[in-house]
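Note: the block below is work.txt and it holds compact mmCIF, C-alpha atoms.
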```txt
# COMPACT_ATOMS: atom_id res chain seq x y z
CA MET A 19 149.76 75.07 -162.98
CA LYS A 20 150.18 76.61 -159.51
CA THR A 21 148.44 79.77 -160.78
CA TYR A 22 145.40 77.82 -161.94
CA VAL A 23 145.21 76.01 -158.61
CA LEU A 24 145.14 79.43 -156.94
CA TYR A 25 142.45 80.64 -159.36
CA GLY A 26 140.40 77.54 -158.60
CA PHE A 27 140.81 78.13 -154.88
CA GLY A 28 139.74 81.77 -155.27
CA ILE A 29 136.67 80.83 -157.30
CA LEU A 30 135.76 78.18 -154.74
CA LEU A 31 135.96 80.80 -151.97
CA CYS A 32 133.80 83.24 -153.99
CA VAL A 33 131.15 80.60 -154.68
CA SER A 34 131.11 79.37 -151.09
CA GLY A 35 130.83 83.00 -149.92
CA LEU A 36 127.84 83.53 -152.22
CA VAL A 37 126.20 80.32 -151.01
CA TYR A 38 126.69 81.40 -147.38
CA LEU A 39 125.22 84.86 -148.04
CA SER A 40 122.31 83.35 -149.93
CA ILE A 41 121.44 80.91 -147.17
CA GLU A 42 121.82 83.46 -144.41
CA TYR A 43 120.42 86.70 -145.79
CA ILE A 44 118.38 86.20 -148.97
CA ARG A 45 115.19 86.02 -146.86
CA TYR A 46 115.70 89.60 -145.75
CA LEU A 47 116.48 91.11 -149.15
CA SER A 48 113.95 93.44 -150.76
CA GLU A 49 112.73 92.72 -154.30
CA PHE A 50 115.16 95.32 -155.71
CA GLY A 51 117.97 93.80 -153.69
CA LYS A 52 117.21 90.34 -155.05
CA LEU A 53 117.10 91.67 -158.60
CA GLY A 54 120.37 93.54 -158.12
CA ALA A 55 122.06 90.48 -156.65
CA LEU A 56 120.79 88.40 -159.60
CA PHE A 57 122.23 90.83 -162.17
CA LEU A 58 125.52 91.01 -160.31
CA SER A 59 125.70 87.19 -160.14
CA VAL A 60 125.16 86.99 -163.90
CA GLY A 61 127.85 89.65 -164.36
CA LEU A 62 130.22 87.77 -162.04
CA PHE A 63 129.98 84.45 -163.85
CA ALA A 64 129.94 86.05 -167.31
CA SER A 65 133.10 88.02 -166.48
CA LEU A 66 134.81 84.92 -165.13
CA GLY A 67 133.81 83.07 -168.30
CA LYS A 68 135.25 85.81 -170.52
CA TYR A 69 138.41 85.91 -168.41
CA PHE A 70 139.05 82.20 -168.78
CA GLN A 71 138.11 82.35 -172.45
CA GLY A 72 140.85 84.96 -172.87
CA LYS A 73 143.24 82.64 -171.06
CA GLY A 74 142.58 79.98 -173.70
CA TRP A 75 140.39 77.66 -171.64
CA MET B 27 161.80 99.46 -185.89
CA THR B 28 161.53 101.07 -182.47
CA GLY B 29 158.03 102.26 -183.30
CA MET B 30 156.98 98.78 -184.29
CA VAL B 31 158.34 97.28 -181.08
CA LEU B 32 156.54 99.98 -179.13
CA THR B 33 153.27 99.26 -180.96
CA VAL B 34 153.57 95.52 -180.23
CA LYS B 35 154.42 96.28 -176.62
CA ILE B 36 151.37 98.56 -176.25
CA TYR B 37 149.20 95.93 -177.98
CA CYS B 38 150.45 93.22 -175.60
CA MET B 39 149.86 95.45 -172.58
CA SER B 40 146.38 96.40 -173.72
CA THR B 41 145.51 92.74 -174.42
CA LYS B 42 146.73 91.83 -170.94
CA ARG B 43 144.80 94.70 -169.46
CA ILE B 44 141.61 93.70 -171.26
CA GLY B 45 142.19 90.12 -170.09
CA ASN B 46 142.57 91.32 -166.54
CA LEU B 47 139.66 93.70 -166.98
CA TRP B 48 137.25 90.74 -166.94
CA LEU B 49 138.84 89.49 -163.75
CA TYR B 50 138.52 92.92 -162.11
CA LEU B 51 134.92 93.11 -163.30
CA ALA B 52 134.21 89.70 -161.74
CA ILE B 53 135.75 90.85 -158.45
CA ALA B 54 133.71 94.08 -158.61
CA CYS B 55 130.52 92.06 -159.15
CA PHE B 56 131.36 89.82 -156.20
CA LEU B 57 131.99 92.83 -153.95
CA GLY B 58 128.75 94.37 -155.22
CA ILE B 59 126.82 91.24 -154.22
CA VAL B 60 128.41 91.32 -150.77
CA ALA B 61 127.48 95.03 -150.48
CA VAL B 62 123.85 94.33 -151.50
CA PHE B 63 123.56 91.53 -148.97
CA PHE B 64 125.07 93.69 -146.23
CA VAL B 65 123.13 96.90 -146.86
CA ASP B 66 119.80 95.44 -147.95
CA GLY B 67 119.76 92.08 -146.19
CA TYR B 68 121.68 92.57 -142.96
CA MET B 69 121.29 96.19 -141.93
CA GLY B 70 118.08 97.47 -140.38
CA VAL B 71 115.93 96.79 -137.35
CA TYR B 72 114.80 93.21 -136.87
CA ASP B 73 112.66 91.59 -134.21
CA VAL B 74 112.06 88.02 -133.12
CA VAL B 75 108.94 86.84 -131.33
CA GLU B 76 109.04 83.56 -129.46
CA VAL B 77 105.86 81.97 -128.18
CA ARG B 78 105.76 78.90 -125.98
CA VAL B 79 102.47 77.09 -125.49
CA GLY B 80 103.14 74.46 -122.85
CA ASP B 81 106.15 72.62 -124.24
CA VAL B 82 105.60 73.65 -127.84
CA PRO B 83 107.84 76.51 -129.00
CA HIS B 84 107.08 78.84 -131.91
CA LYS B 85 109.86 81.06 -133.13
CA ILE B 86 108.70 83.81 -135.48
CA GLU B 87 111.69 85.06 -137.44
CA PRO B 88 111.81 88.61 -138.90
CA ASP B 89 111.34 87.44 -142.48
CA TYR B 90 107.90 86.03 -141.59
CA TRP B 91 106.52 89.55 -141.19
CA GLU B 92 107.61 90.50 -144.69
CA ARG B 93 105.09 88.09 -146.24
CA ASP B 94 101.80 89.55 -147.47
CA TYR B 95 99.50 87.29 -145.47
CA ALA B 96 101.48 87.95 -142.27
CA LYS B 97 101.00 91.72 -142.60
CA GLY B 98 97.22 91.41 -142.31
CA ASP B 99 96.53 88.33 -140.25
CA GLY B 100 99.71 87.87 -138.29
CA TYR B 101 100.93 84.57 -136.94
CA TYR B 102 98.31 81.99 -136.03
CA ILE B 103 98.68 79.38 -133.29
CA TYR B 104 96.14 76.56 -133.30
CA GLU B 105 96.85 74.36 -130.32
CA VAL B 106 95.97 76.65 -127.40
CA ARG B 107 93.59 75.09 -124.91
CA GLN B 108 92.10 76.62 -121.84
CA GLY B 109 94.44 76.12 -118.93
CA ASP B 110 97.59 76.58 -121.01
CA VAL B 111 99.96 79.35 -120.10
CA VAL B 112 101.21 81.08 -123.23
CA GLN B 113 104.64 82.61 -122.73
CA PHE B 114 105.91 85.32 -125.01
CA SER B 115 109.37 86.75 -125.45
CA TYR B 116 110.33 89.57 -127.79
CA GLN B 117 113.74 90.86 -128.78
CA ILE B 118 114.88 93.57 -131.15
CA ALA B 119 118.17 93.68 -133.05
CA ASN B 120 119.47 97.12 -133.99
CA ARG B 121 121.77 96.65 -136.99
CA ARG B 122 122.20 100.29 -137.82
CA PHE B 123 124.87 102.93 -137.35
CA SER B 124 122.76 104.85 -134.83
CA ASP B 125 121.16 104.10 -131.47
CA LEU B 126 117.54 103.08 -131.37
CA ARG B 127 114.96 104.04 -128.78
CA VAL B 128 112.25 101.38 -128.54
CA ASP B 129 108.94 101.58 -126.69
CA VAL B 130 107.07 98.31 -126.71
CA GLU B 131 103.39 98.05 -125.88
CA VAL B 132 101.53 94.75 -125.86
CA PHE B 133 97.78 94.36 -125.67
CA LEU B 134 95.47 91.38 -125.66
CA LEU B 135 92.53 91.89 -127.98
CA GLU B 136 89.35 90.02 -128.66
CA GLY B 137 87.32 90.98 -131.70
CA GLY B 138 89.31 94.19 -132.09
CA GLN B 139 88.63 95.29 -128.50
CA GLU B 140 91.50 95.71 -126.08
CA ILE B 141 90.83 93.60 -123.03
CA LYS B 142 94.14 93.68 -121.21
CA GLU B 143 97.54 95.35 -121.30
CA LEU B 144 100.17 92.62 -121.17
CA PHE B 145 103.39 94.60 -121.30
CA SER B 146 104.66 98.13 -121.55
CA GLY B 147 108.28 99.18 -121.50
CA GLY B 148 111.21 100.29 -123.53
CA SER B 149 114.91 100.84 -123.66
CA ARG B 150 117.72 102.22 -125.77
CA VAL B 151 119.39 99.74 -128.08
CA ASN B 152 122.98 100.52 -128.95
CA VAL B 153 124.52 100.36 -132.41
CA PHE B 154 124.67 96.77 -133.75
CA SER B 155 123.39 95.19 -130.59
CA LEU B 156 120.36 93.44 -129.13
CA SER B 157 117.69 94.81 -126.86
CA PRO B 158 116.85 93.10 -123.57
CA VAL B 159 114.40 90.23 -123.91
CA TYR B 160 110.89 91.47 -123.11
CA GLU B 161 108.70 88.77 -121.61
CA TRP B 162 105.06 88.42 -120.68
CA THR B 163 102.51 85.63 -120.31
CA VAL B 164 98.88 85.07 -121.13
CA ASP B 165 97.11 82.95 -118.58
CA THR B 166 94.23 81.37 -120.47
CA THR B 167 92.37 80.43 -117.30
CA GLU B 168 91.53 84.13 -116.93
CA LEU B 169 89.91 84.22 -120.37
CA GLU B 170 86.35 83.46 -121.32
CA VAL B 171 85.42 79.78 -121.36
CA PRO B 172 85.16 78.65 -124.98
CA GLY B 173 82.20 76.76 -126.35
CA GLU B 174 82.34 73.05 -127.10
CA TYR B 175 82.58 73.41 -130.88
CA GLY B 176 84.53 76.57 -131.20
CA GLY B 177 86.53 79.03 -129.24
CA HIS B 178 87.27 82.68 -129.05
CA THR B 179 90.03 84.11 -131.16
CA TYR B 180 92.43 86.33 -129.26
CA THR B 181 95.10 88.56 -130.68
CA VAL B 182 98.28 89.59 -128.95
CA ASN B 183 99.22 92.89 -130.54
CA ILE B 184 102.85 93.94 -130.14
CA SER B 185 103.43 97.52 -131.18
CA ARG B 186 106.78 99.23 -131.44
CA GLY B 187 106.90 102.74 -132.87
CA GLY B 188 104.38 102.19 -135.66
CA VAL B 189 105.39 98.59 -136.30
CA GLU B 190 102.79 96.02 -135.32
CA ARG B 191 103.18 92.28 -134.86
CA LYS B 192 100.05 90.22 -134.35
CA VAL B 193 100.00 86.77 -132.84
CA ARG B 194 96.56 85.18 -132.91
CA PHE B 195 95.29 82.09 -131.21
CA GLN B 196 91.95 80.40 -130.90
CA LEU B 197 91.26 79.26 -127.39
CA ALA B 198 89.70 75.81 -127.27
CA GLN B 199 88.36 73.71 -124.44
CA PRO B 200 90.81 71.61 -122.47
CA ALA B 201 91.76 68.32 -124.12
CA LYS B 202 89.52 65.43 -123.22
CA TYR B 203 91.13 62.06 -123.03
CA LEU B 204 89.08 58.93 -123.57
CA PRO B 205 89.71 56.10 -121.13
CA SER B 206 91.81 53.34 -122.62
CA PRO B 207 89.76 50.38 -123.82
CA ARG B 208 89.72 47.35 -121.60
CA TYR B 209 90.10 43.95 -123.12
CA GLU B 210 88.51 41.28 -121.02
```
Could you render the structure from this file as structure tokens?
Amino acid sequence: MKTYVLYGFGILLCVSGLVYLSIEYIRYLSEFGKLGALFLSVGLFASLGKYFQGKGW
Amino acid sequence: MTGMVLTVKIYCMSTKRIGNLWLYLAIACFLGIVAVFFVDGYMGVYDVVEVRVGDVPHKIEPDYWERDYAKGDGYYIYEVRQGDVVQFSYQIANRRFSDLRVDVEVFLLEGGQEIKELFSGGSRVNVFSLSPVYEWTVDTTELEVPGEYGGHTYTVNISRGGVERKVRFQLAQPAKYLPSPRYE
């Protein structure tokens, strides 16, 4: 249980970090940068989904 | 028997590794996003123009100049009337790993013709630091008196090593205030 709480905390930090970066710097990103960040975001959430699927969630 | 145990052990390890592989991939993606934001969004040379017309401030952030319409026409200020003093301030942020030498030249233009030099100067901006704030003013009383139904459009052209920022304003006549109605 403690492990999952830590996972949840980590995910919360990642998401809040992404939100902060998006609010602060997305205006200055080039089109390629935006596209790259979009692909990486999809990869991030897909990987997390697969990870938790493997854990039996 | 030993071989079987070894096979199961290897299988368990590989399953665990594959399970963790997704976690590592997620962390790599997160770090990649942070890297993209830092390199593409944060690093570079950015400038902020602040214009104050009377008590009304206009802050033109660096992202404004990235828009297509801003590249051609610049920033437009509507509420400039003759008699107003238009104050400008300009600051450059050097977010690079090398020093930056900036030379700023500012001209006032009307119809594409330079009519006055407003500012000229420069300095060296250190790594990841801000330049001094460059300031100048446009005293509209010195400019041509606008007509009753339309004014002259002036452009303040800020140039810095090939980069140009245009702030345009149409000078109108001073505001006329109607006397308050009397109720008798």
Within 12 Å of chain A, which residues of chain B are there when counting only C-alpha atoms? Please give them as a ChimeraX atom specification.
-> /B:41-72,87-93
Step by step: start from the point (112.8, 97.3, -131.1) in the file's coordinates, keep every protein, DNA or RNA residue that has an atom no farther than 10 Å from it, count all atoms listed in the file, and write the set as a VMD selection string.
-> chain B and resid 71 to 74 116 to 120 126 to 130 148 to 151 156 to 158 185 to 187 189
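The coordinates place atom CA of B:Lys85 at 23.8 Å from atom CA of B:Asn152.
For the atom pair formed by atom CA of B:Val132 and atom CA of B:Asp99, the distance is 16.5 Å, given to one decimal.
Atom to atom, atom CA of B:Tyr95 and atom CA of B:Asp110 stand 26.8 Å apart.
Those residues that approach B:Val79 to within 9 Å, counting only C-alpha atoms, are Pro83, His84, Ile103, Glu105, Val106, Asp110, Val111, Val112, Gln113 and Phe114 of chain B; same-chain residues fewer than 4 positions away are not listed.
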Using all atoms listed in the file, give me every residue within 12 Å of (94.3, 86.7, -116.3) in file coordinates, as an MDAnalysis selection string.
-> chainID B and resid 108:112 134 141:144 162:170
Set up a box along x, y and z of the file covering all listed atoms of stretch 23-29 of chain A, add 4 Å on every one of the six sides, and write the centre and edge lengths in Å to one decimal, as lines of an AutoDock Vina configuration file.
```
center_x = 140.9
center_y = 78.9
center_z = -157.1
size_x = 16.5
size_y = 13.8
size_z = 12.5
```
